[in-house]
Amino acid sequence: MFDEISLPINLFRAWNEFKHGKIQKQDVAEFSVKIEERIFKLSRELRDGTYTHSSYEQFYVFDPKRRHIHKASVIDRLLHHAIFRVLAPMYDKKFIFDSYSSRLGKGTHKACDRFQAFMWKLSRNNTRTVWVLKCDIRKFFDSVDHETLIRLLRKTIKDEKMIDLLKRVIFSFETQPGKGIPLGNLTSQLLSNIYLDQLDQFVKRILRIKYYVRYADDFVILDTNKDNLSELLIKLSEFLEKELSLSMHPDKVYIRKASQGIDFLGYVIFPHFRVLRTKTKRRIFKKVRALKAGLDRGVVSKGRFDQSMASYYGILKHCRGKAVRRMIDRVSGGETSR
C-alpha cells in the first residue's frame, strides 16, 4: 500500500487530479514549473523516510458560519491526493450505504433525498406521525483523538510504512495536544469518515436502526415512537463519549415531528417537499447583490457571475424555490438566464 502511494506514477496521477481548477492560483502555478523534479523528489523522500509535513496557512471563511481553515502547502496537498486515491476506494467498500459525506456518488442532495424517502415510507404516505432525532457533533474536527484514529486505521491497514506516513499527516496538526484534524485537507475527509464509521456501525449493527442518515457530523434517525428516540439519544451520547471522545452539540440536538420540517444540510425537509433554509436564502441574496455590484464595477467577470448564478439556481432545483428564483432574478437585474 505504501509502495503504491509513493510510486511516481501515482504521484503524477494525483497531480493531474489536484491541479484541476487550481492551475491559475499562484502557489500551484509556481509549483508546476518544475513539476517532474518535485514529484521525483517527493517520491524519493517518501521511500527513504525523510519526508516531513510542512506547517499550515491559516485563514477564515464564512459560508455560512465562520470556519477556521488550515491550508497545507502544495506538495503536502499533492501527497494528500495520492493517499486519498489509494485508500478511499478500499475504505468505501466498508462504509454503510447511508453515509453521504465525501464519497463518490453521494453528497448532500442524495442524503436529503434518502432522508425524505425515509420520512414518506415510515409515515405510510403521511398517515401516521413520524418523529426525527436530529444530532450534531460538537466541534467534531477539533475533537478527533489522534491515538483513537490511529488505532482504527490499524484495524484495516497492516502496512507499518503506511501507518507511519498517516501518522506524519495526522500529527502535522492539532487544536490541543493529541486532538484535531484540519478542515481543508482532502485526507481529513477520508479520516473523518473512518472515525465516524464506528458510530455508523454501532447504529446499524448494535442498535439495529433502520432509518438513519449521516452526512459528516450531522445525522438523523427516524421513528414512529418519540420515547425510542429519547432512549437512543442517551445511548448515542454515551457511545460517542466513551469510544470516540466526542460529544453532542447542546444547542443542535432535538426531537420533533417530521411534519414540522427538519433543518438538514441547508434545507428544511418535510415528508413530501423541501424548502431552502432562511439563512441560506439570505446568504444567497447577499452574495448575488455583491456579485452584481462587482459586475457593474468591472471587478467581477461575466463568466464568473454566470457561473455563480448557475450554482445558485442549481441549489433551487432540489427544493420548492420558484419565489426565491424570482427574487434572485430581481436582485441580479436579469443579467443571467436559468
# chains A, B, ... in the order shown; residues from 1 in each chain; ligands from 1

$ closest_atom_pairs --of "region 192-234 of chain A" --to "region 122-132 of chain A" --cutoff "6 Å" --atoms "only C-alpha atoms" --output "tab-separated table"
residue	atom	partner	partner_atom	distance
A:Ile221	CA	A:Val132	CA	5.7
A:Leu222	CA	A:Val132	CA	4.6
A:Asp223	CA	A:Trp131	CA	5.4
A:Thr224	CA	A:Val130	CA	4.6
A:Lys226	CA	A:Trp131	CA	5.9

$ residues_around --residues "Gly333 (chain A)" --least-positions-apart "6" --cutoff "12 Å" --atoms "only C-alpha atoms" --output "PyMOL selection string"
chain A and resi 288-289+291-293+295-296+309+326-327

$ write_last_selection --atoms "N, CA, C and O atoms" --output "mmCIF file, in the first residue's frame"
data_model
loop_
_atom_site.group_PDB
_atom_site.id
_atom_site.type_symbol
_atom_site.label_atom_id
_atom_site.label_comp_id
_atom_site.auth_asym_id
_atom_site.auth_seq_id
_atom_site.Cartn_x
_atom_site.Cartn_y
_atom_site.Cartn_z
ATOM 1 N N VAL A 288 -25.444 37.443 -4.264
ATOM 2 C CA VAL A 288 -25.873 37.891 -5.591
ATOM 3 C C VAL A 288 -25.737 39.411 -5.700
ATOM 4 O O VAL A 288 -25.270 39.932 -6.717
ATOM 5 N N ARG A 289 -26.139 40.120 -4.651
ATOM 6 C CA ARG A 289 -26.002 41.584 -4.666
ATOM 7 C C ARG A 289 -24.536 41.992 -4.818
ATOM 8 O O ARG A 289 -24.211 42.912 -5.575
ATOM 9 N N LEU A 291 -22.075 40.197 -6.107
ATOM 10 C CA LEU A 291 -21.605 39.844 -7.444
ATOM 11 C C LEU A 291 -22.106 40.828 -8.492
ATOM 12 O O LEU A 291 -21.366 41.223 -9.399
ATOM 13 N N LYS A 292 -23.375 41.246 -8.365
ATOM 14 C CA LYS A 292 -23.944 42.199 -9.324
ATOM 15 C C LYS A 292 -23.210 43.541 -9.229
ATOM 16 O O LYS A 292 -22.889 44.176 -10.264
ATOM 17 N N ALA A 293 -22.929 43.973 -7.995
ATOM 18 C CA ALA A 293 -22.189 45.231 -7.818
ATOM 19 C C ALA A 293 -20.788 45.118 -8.413
ATOM 20 O O ALA A 293 -20.290 46.051 -9.056
ATOM 21 N N LEU A 295 -19.902 43.108 -10.846
ATOM 22 C CA LEU A 295 -20.055 43.066 -12.301
ATOM 23 C C LEU A 295 -20.215 44.470 -12.873
ATOM 24 O O LEU A 295 -19.601 44.827 -13.888
ATOM 25 N N ASP A 296 -21.032 45.293 -12.192
ATOM 26 C CA ASP A 296 -21.256 46.667 -12.652
ATOM 27 C C ASP A 296 -19.978 47.504 -12.585
ATOM 28 O O ASP A 296 -19.762 48.388 -13.425
ATOM 29 N N MET A 309 -24.276 32.294 -10.610
ATOM 30 C CA MET A 309 -25.737 32.245 -10.734
ATOM 31 C C MET A 309 -26.217 30.823 -11.034
ATOM 32 O O MET A 309 -27.212 30.355 -10.479
ATOM 33 N N ARG A 326 -37.408 34.057 -8.482
ATOM 34 C CA ARG A 326 -37.872 35.372 -8.937
ATOM 35 C C ARG A 326 -37.144 36.490 -8.200
ATOM 36 O O ARG A 326 -36.779 37.513 -8.797
ATOM 37 N N MET A 327 -36.908 36.290 -6.903
ATOM 38 C CA MET A 327 -36.196 37.292 -6.126
ATOM 39 C C MET A 327 -34.741 37.417 -6.585
ATOM 40 O O MET A 327 -34.188 38.518 -6.665
#

$ select_by_dssp --residues "region 175-215 of chain A" --states "alpha helix (DSSP H)" --output "ChimeraX atom specification"
/A:186-201

$ write_last_selection --atoms "N, CA and C atoms" --output "mmCIF file, in the first residue's frame"
data_model
loop_
_atom_site.group_PDB
_atom_site.id
_atom_site.type_symbol
_atom_site.label_atom_id
_atom_site.label_comp_id
_atom_site.auth_asym_id
_atom_site.auth_seq_id
_atom_site.Cartn_x
_atom_site.Cartn_y
_atom_site.Cartn_z
ATOM 1 N N LEU A 186 -7.816 17.092 2.095
ATOM 2 C CA LEU A 186 -8.569 16.004 1.472
ATOM 3 C C LEU A 186 -8.505 14.756 2.339
ATOM 4 N N THR A 187 -7.357 14.510 2.953
ATOM 5 C CA THR A 187 -7.231 13.346 3.822
ATOM 6 C C THR A 187 -8.176 13.447 5.028
ATOM 7 N N SER A 188 -8.466 14.664 5.482
ATOM 8 C CA SER A 188 -9.362 14.827 6.632
ATOM 9 C C SER A 188 -10.761 14.324 6.310
ATOM 10 N N GLN A 189 -11.176 14.483 5.048
ATOM 11 C CA GLN A 189 -12.499 13.993 4.645
ATOM 12 C C GLN A 189 -12.573 12.474 4.779
ATOM 13 N N LEU A 190 -11.517 11.795 4.357
ATOM 14 C CA LEU A 190 -11.483 10.341 4.478
ATOM 15 C C LEU A 190 -11.335 9.921 5.935
ATOM 16 N N LEU A 191 -10.416 10.556 6.653
ATOM 17 C CA LEU A 191 -10.170 10.189 8.052
ATOM 18 C C LEU A 191 -11.411 10.423 8.910
ATOM 19 N N SER A 192 -12.171 11.477 8.625
ATOM 20 C CA SER A 192 -13.388 11.730 9.398
ATOM 21 C C SER A 192 -14.422 10.633 9.158
ATOM 22 N N ASN A 193 -14.503 10.138 7.927
ATOM 23 C CA ASN A 193 -15.431 9.038 7.647
ATOM 24 C C ASN A 193 -14.992 7.750 8.321
ATOM 25 N N ILE A 194 -13.684 7.504 8.351
ATOM 26 C CA ILE A 194 -13.167 6.315 9.043
ATOM 27 C C ILE A 194 -13.482 6.407 10.533
ATOM 28 N N TYR A 195 -13.311 7.589 11.094
ATOM 29 C CA TYR A 195 -13.559 7.803 12.526
ATOM 30 C C TYR A 195 -15.043 7.596 12.849
ATOM 31 N N LEU A 196 -15.924 8.243 12.059
ATOM 32 C CA LEU A 196 -17.353 8.175 12.358
ATOM 33 C C LEU A 196 -18.017 6.905 11.841
ATOM 34 N N ASP A 197 -17.283 6.098 11.076
ATOM 35 C CA ASP A 197 -17.822 4.802 10.697
ATOM 36 C C ASP A 197 -18.079 3.945 11.933
ATOM 37 N N GLN A 198 -17.343 4.203 13.006
ATOM 38 C CA GLN A 198 -17.592 3.480 14.259
ATOM 39 C C GLN A 198 -18.991 3.792 14.782
ATOM 40 N N LEU A 199 -19.401 5.046 14.658
ATOM 41 C CA LEU A 199 -20.765 5.425 15.032
ATOM 42 C C LEU A 199 -21.770 4.749 14.107
ATOM 43 N N ASP A 200 -21.499 4.789 12.802
ATOM 44 C CA ASP A 200 -22.408 4.162 11.833
ATOM 45 C C ASP A 200 -22.617 2.683 12.136
ATOM 46 N N GLN A 201 -21.524 1.984 12.410
ATOM 47 C CA GLN A 201 -21.610 0.546 12.685
ATOM 48 C C GLN A 201 -22.365 0.275 13.982
#

$ atom_distance --atom1 "CA of Cys319 (chain A)" --atom2 "CA of Thr278 (chain A)"
12.9 Å

$ atom_distance --atom1 "CA of Leu233 (chain A)" --atom2 "CA of Tyr267 (chain A)"
23.0 Å

$ select_by_dssp --residues "region 223-305 of chain A" --states "strand (DSSP E)" --output "list in words"
Asp223, Tyr254, Ile255, Arg256, Lys257, Ile262, Asp263, Phe264, Tyr267, Val268, Ile269, Arg274, Val275 and Leu276 of chain A

$ closest_residue --among "A:Arg283, A:Arg103, A:Arg274, A:Arg151" --to "Pro89 (chain A)" --atoms "only C-alpha atoms"
A:Arg103

$ residues_around --residues "Arg168 (chain A)" --least-positions-apart "3" --cutoff "9 Å" --atoms "only C-alpha atoms" --output "PyMOL selection string"
chain A and resi 51-53+163-165+171-172

$ residues_around --residues "Tyr215 (chain A)" --least-positions-apart "3" --cutoff "12 Å" --atoms "only C-alpha atoms" --output "ChimeraX atom specification"
/A:96-103,106-112,114-115,134-137,189,192-193,196-197,200,212,218-220,264-266

$ residues_around --residues "His146 (chain A)" --least-positions-apart "6" --cutoff "7 Å" --atoms "only C-alpha atoms" --output "PyMOL selection string"
chain A and resi 170+178-179

$ write_last_selection --atoms "C-alpha atoms" --output "compact mmCIF listing (two decimals), in the first residue's frame"
# COMPACT_ATOMS: atom_id res chain seq x y z
CA ILE A 170 -2.24 13.30 11.37
CA GLY A 178 -3.30 14.86 20.59
CA LYS A 179 -6.55 16.26 19.15

$ residues_around --residues "Phe31 (chain A)" --least-positions-apart "4" --cutoff "9 Å" --atoms "only C-alpha atoms" --output "PyMOL selection string"
chain A and resi 26-27+35+38+74-75

$ atom_distance --atom1 "CA of Val86 (chain A)" --atom2 "CA of Gln176 (chain A)"
29.3 Å

$ closest_residue --among "A:Arg154, A:Lys281, A:Lys235, A:Lys322" --to "Leu207 (chain A)" --atoms "only C-alpha atoms"
A:Lys235

$ residues_around --residues "Ser245 (chain A)" --least-positions-apart "4" --cutoff "8 Å" --atoms "only C-alpha atoms" --output "list of chain:residue names"
A:Ser143, A:Val144, A:Asp145, A:Leu240, A:Glu241

$ write_last_selection --atoms "all heavy atoms" --output "PDB file, in the first residue's frame"
ATOM      1  N   SER A 143     -12.041  17.850  17.642  1.00  0.00           N
ATOM      2  CA  SER A 143     -12.097  16.890  18.751  1.00  0.00           C
ATOM      3  C   SER A 143     -11.601  15.491  18.414  1.00  0.00           C
ATOM      4  O   SER A 143     -11.512  14.640  19.305  1.00  0.00           O
ATOM      5  CB  SER A 143     -13.538  16.789  19.269  1.00  0.00           C
ATOM      6  OG  SER A 143     -14.034  18.057  19.655  1.00  0.00           O
ATOM      7  N   VAL A 144     -11.293  15.227  17.138  1.00  0.00           N
ATOM      8  CA  VAL A 144     -10.839  13.886  16.753  1.00  0.00           C
ATOM      9  C   VAL A 144      -9.567  13.534  17.526  1.00  0.00           C
ATOM     10  O   VAL A 144      -8.580  14.280  17.516  1.00  0.00           O
ATOM     11  CB  VAL A 144     -10.571  13.818  15.240  1.00  0.00           C
ATOM     12  CG1 VAL A 144      -9.867  12.504  14.878  1.00  0.00           C
ATOM     13  CG2 VAL A 144     -11.874  13.947  14.474  1.00  0.00           C
ATOM     14  N   ASP A 145      -9.585  12.405  18.203  1.00  0.00           N
ATOM     15  CA  ASP A 145      -8.450  11.966  19.021  1.00  0.00           C
ATOM     16  C   ASP A 145      -7.451  11.200  18.151  1.00  0.00           C
ATOM     17  O   ASP A 145      -7.809  10.208  17.514  1.00  0.00           O
ATOM     18  CB  ASP A 145      -8.958  11.069  20.162  1.00  0.00           C
ATOM     19  CG  ASP A 145      -7.832  10.606  21.068  1.00  0.00           C
ATOM     20  OD1 ASP A 145      -7.371  11.405  21.889  1.00  0.00           O
ATOM     21  OD2 ASP A 145      -7.421   9.433  20.924  1.00  0.00           O
ATOM     22  N   LEU A 240     -20.478   7.907  21.897  1.00  0.00           N
ATOM     23  CA  LEU A 240     -19.583   8.915  21.331  1.00  0.00           C
ATOM     24  C   LEU A 240     -18.520   9.340  22.351  1.00  0.00           C
ATOM     25  O   LEU A 240     -17.344   9.472  22.011  1.00  0.00           O
ATOM     26  CB  LEU A 240     -20.382  10.139  20.878  1.00  0.00           C
ATOM     27  CG  LEU A 240     -21.198   9.966  19.594  1.00  0.00           C
ATOM     28  CD1 LEU A 240     -22.133  11.151  19.391  1.00  0.00           C
ATOM     29  CD2 LEU A 240     -20.280   9.821  18.385  1.00  0.00           C
ATOM     30  N   GLU A 241     -18.945   9.534  23.583  1.00  0.00           N
ATOM     31  CA  GLU A 241     -18.004   9.974  24.608  1.00  0.00           C
ATOM     32  C   GLU A 241     -17.012   8.871  24.979  1.00  0.00           C
ATOM     33  O   GLU A 241     -15.798   9.121  25.070  1.00  0.00           O
ATOM     34  CB  GLU A 241     -18.774  10.420  25.859  1.00  0.00           C
ATOM     35  CG  GLU A 241     -17.869  10.982  26.951  1.00  0.00           C
ATOM     36  CD  GLU A 241     -18.650  11.538  28.126  1.00  0.00           C
ATOM     37  OE1 GLU A 241     -19.895  11.646  28.032  1.00  0.00           O
ATOM     38  OE2 GLU A 241     -18.023  11.866  29.150  1.00  0.00           O
TER      39      GLU A 241
END

$ decode --residues "region 16-52 of chain A" --atoms "N, CA and C atoms" --output "mmCIF file, in the first residue's frame"
data_model
loop_
_atom_site.group_PDB
_atom_site.id
_atom_site.type_symbol
_atom_site.label_atom_id
_atom_site.label_comp_id
_atom_site.auth_asym_id
_atom_site.auth_seq_id
_atom_site.Cartn_x
_atom_site.Cartn_y
_atom_site.Cartn_z
ATOM 1 N N ASN A 16 -2.437 15.409 -11.523
ATOM 2 C CA ASN A 16 -3.417 15.727 -12.559
ATOM 3 C C ASN A 16 -4.810 15.950 -11.968
ATOM 4 N N GLU A 17 -5.138 15.205 -10.922
ATOM 5 C CA GLU A 17 -6.423 15.396 -10.263
ATOM 6 C C GLU A 17 -6.413 16.656 -9.399
ATOM 7 N N PHE A 18 -5.308 16.872 -8.707
ATOM 8 C CA PHE A 18 -5.213 18.001 -7.783
ATOM 9 C C PHE A 18 -5.240 19.344 -8.504
ATOM 10 N N LYS A 19 -4.544 19.448 -9.627
ATOM 11 C CA LYS A 19 -4.380 20.752 -10.291
ATOM 12 C C LYS A 19 -5.636 21.215 -11.014
ATOM 13 N N HIS A 20 -6.593 20.314 -11.218
ATOM 14 C CA HIS A 20 -7.813 20.664 -11.958
ATOM 15 C C HIS A 20 -8.530 21.827 -11.276
ATOM 16 N N GLY A 21 -8.696 22.928 -11.992
ATOM 17 C CA GLY A 21 -9.376 24.104 -11.468
ATOM 18 C C GLY A 21 -8.526 24.970 -10.578
ATOM 19 N N LYS A 22 -7.241 24.580 -10.359
ATOM 20 C CA LYS A 22 -6.384 25.348 -9.451
ATOM 21 C C LYS A 22 -5.129 25.894 -10.131
ATOM 22 N N ILE A 23 -4.896 25.543 -11.400
ATOM 23 C CA ILE A 23 -3.626 25.840 -12.042
ATOM 24 C C ILE A 23 -3.384 27.339 -12.185
ATOM 25 N N GLN A 24 -4.431 28.165 -12.113
ATOM 26 C CA GLN A 24 -4.264 29.613 -12.204
ATOM 27 C C GLN A 24 -3.858 30.239 -10.872
ATOM 28 N N LYS A 25 -3.957 29.477 -9.790
ATOM 29 C CA LYS A 25 -3.569 30.007 -8.482
ATOM 30 C C LYS A 25 -2.044 30.080 -8.394
ATOM 31 N N GLN A 26 -1.562 31.129 -7.757
ATOM 32 C CA GLN A 26 -0.128 31.423 -7.780
ATOM 33 C C GLN A 26 0.725 30.289 -7.234
ATOM 34 N N ASP A 27 0.350 29.748 -6.080
ATOM 35 C CA ASP A 27 1.187 28.710 -5.475
ATOM 36 C C ASP A 27 1.211 27.443 -6.327
ATOM 37 N N VAL A 28 0.073 27.093 -6.931
ATOM 38 C CA VAL A 28 0.014 25.901 -7.778
ATOM 39 C C VAL A 28 0.775 26.135 -9.082
ATOM 40 N N ALA A 29 0.617 27.329 -9.660
ATOM 41 C CA ALA A 29 1.324 27.655 -10.906
ATOM 42 C C ALA A 29 2.837 27.626 -10.701
ATOM 43 N N GLU A 30 3.315 28.174 -9.599
ATOM 44 C CA GLU A 30 4.757 28.170 -9.311
ATOM 45 C C GLU A 30 5.263 26.745 -9.100
ATOM 46 N N PHE A 31 4.466 25.924 -8.425
ATOM 47 C CA PHE A 31 4.856 24.534 -8.175
ATOM 48 C C PHE A 31 4.952 23.746 -9.477
ATOM 49 N N SER A 32 4.085 24.066 -10.434
ATOM 50 C CA SER A 32 4.020 23.304 -11.680
ATOM 51 C C SER A 32 5.220 23.537 -12.595
ATOM 52 N N VAL A 33 5.994 24.606 -12.343
ATOM 53 C CA VAL A 33 7.118 24.940 -13.228
ATOM 54 C C VAL A 33 8.141 23.809 -13.269
ATOM 55 N N LYS A 34 8.425 23.226 -12.097
ATOM 56 C CA LYS A 34 9.389 22.126 -12.025
ATOM 57 C C LYS A 34 8.693 20.865 -11.502
ATOM 58 N N ILE A 35 7.560 20.543 -12.099
ATOM 59 C CA ILE A 35 6.711 19.502 -11.545
ATOM 60 C C ILE A 35 7.395 18.137 -11.541
ATOM 61 N N GLU A 36 8.078 17.758 -12.612
ATOM 62 C CA GLU A 36 8.718 16.442 -12.650
ATOM 63 C C GLU A 36 9.786 16.326 -11.569
ATOM 64 N N GLU A 37 10.605 17.343 -11.458
ATOM 65 C CA GLU A 37 11.668 17.341 -10.442
ATOM 66 C C GLU A 37 11.075 17.232 -9.043
ATOM 67 N N ARG A 38 10.002 17.980 -8.780
ATOM 68 C CA ARG A 38 9.392 17.984 -7.440
ATOM 69 C C ARG A 38 8.740 16.637 -7.114
ATOM 70 N N ILE A 39 8.086 16.032 -8.091
ATOM 71 C CA ILE A 39 7.414 14.753 -7.839
ATOM 72 C C ILE A 39 8.433 13.639 -7.595
ATOM 73 N N PHE A 40 9.490 13.585 -8.393
ATOM 74 C CA PHE A 40 10.510 12.550 -8.164
ATOM 75 C C PHE A 40 11.201 12.755 -6.816
ATOM 76 N N LYS A 41 11.385 14.015 -6.434
ATOM 77 C CA LYS A 41 11.990 14.310 -5.123
ATOM 78 C C LYS A 41 11.068 13.844 -3.997
ATOM 79 N N LEU A 42 9.757 14.105 -4.124
ATOM 80 C CA LEU A 42 8.795 13.656 -3.114
ATOM 81 C C LEU A 42 8.788 12.136 -3.024
ATOM 82 N N SER A 43 8.829 11.464 -4.173
ATOM 83 C CA SER A 43 8.853 10.002 -4.185
ATOM 84 C C SER A 43 10.071 9.466 -3.447
ATOM 85 N N ARG A 44 11.234 10.078 -3.688
ATOM 86 C CA ARG A 44 12.466 9.636 -3.002
ATOM 87 C C ARG A 44 12.361 9.864 -1.502
ATOM 88 N N GLU A 45 11.846 11.031 -1.094
ATOM 89 C CA GLU A 45 11.739 11.348 0.332
ATOM 90 C C GLU A 45 10.765 10.401 1.040
ATOM 91 N N LEU A 46 9.710 10.035 0.366
ATOM 92 C CA LEU A 46 8.765 9.089 0.959
ATOM 93 C C LEU A 46 9.426 7.725 1.155
ATOM 94 N N ARG A 47 10.150 7.284 0.139
ATOM 95 C CA ARG A 47 10.736 5.942 0.199
ATOM 96 C C ARG A 47 11.922 5.846 1.157
ATOM 97 N N ASP A 48 12.691 6.954 1.309
ATOM 98 C CA ASP A 48 13.829 6.888 2.246
ATOM 99 C C ASP A 48 13.482 7.410 3.645
ATOM 100 N N GLY A 49 12.192 7.789 3.846
ATOM 101 C CA GLY A 49 11.734 8.166 5.181
ATOM 102 C C GLY A 49 12.085 9.570 5.614
ATOM 103 N N THR A 50 12.503 10.441 4.686
ATOM 104 C CA THR A 50 12.907 11.804 5.058
ATOM 105 C C THR A 50 11.802 12.834 4.845
ATOM 106 N N TYR A 51 10.653 12.402 4.327
ATOM 107 C CA TYR A 51 9.551 13.353 4.097
ATOM 108 C C TYR A 51 9.028 13.877 5.427
ATOM 109 N N THR A 52 8.827 15.198 5.488
ATOM 110 C CA THR A 52 8.181 15.828 6.645
ATOM 111 C C THR A 52 7.063 16.735 6.148
#
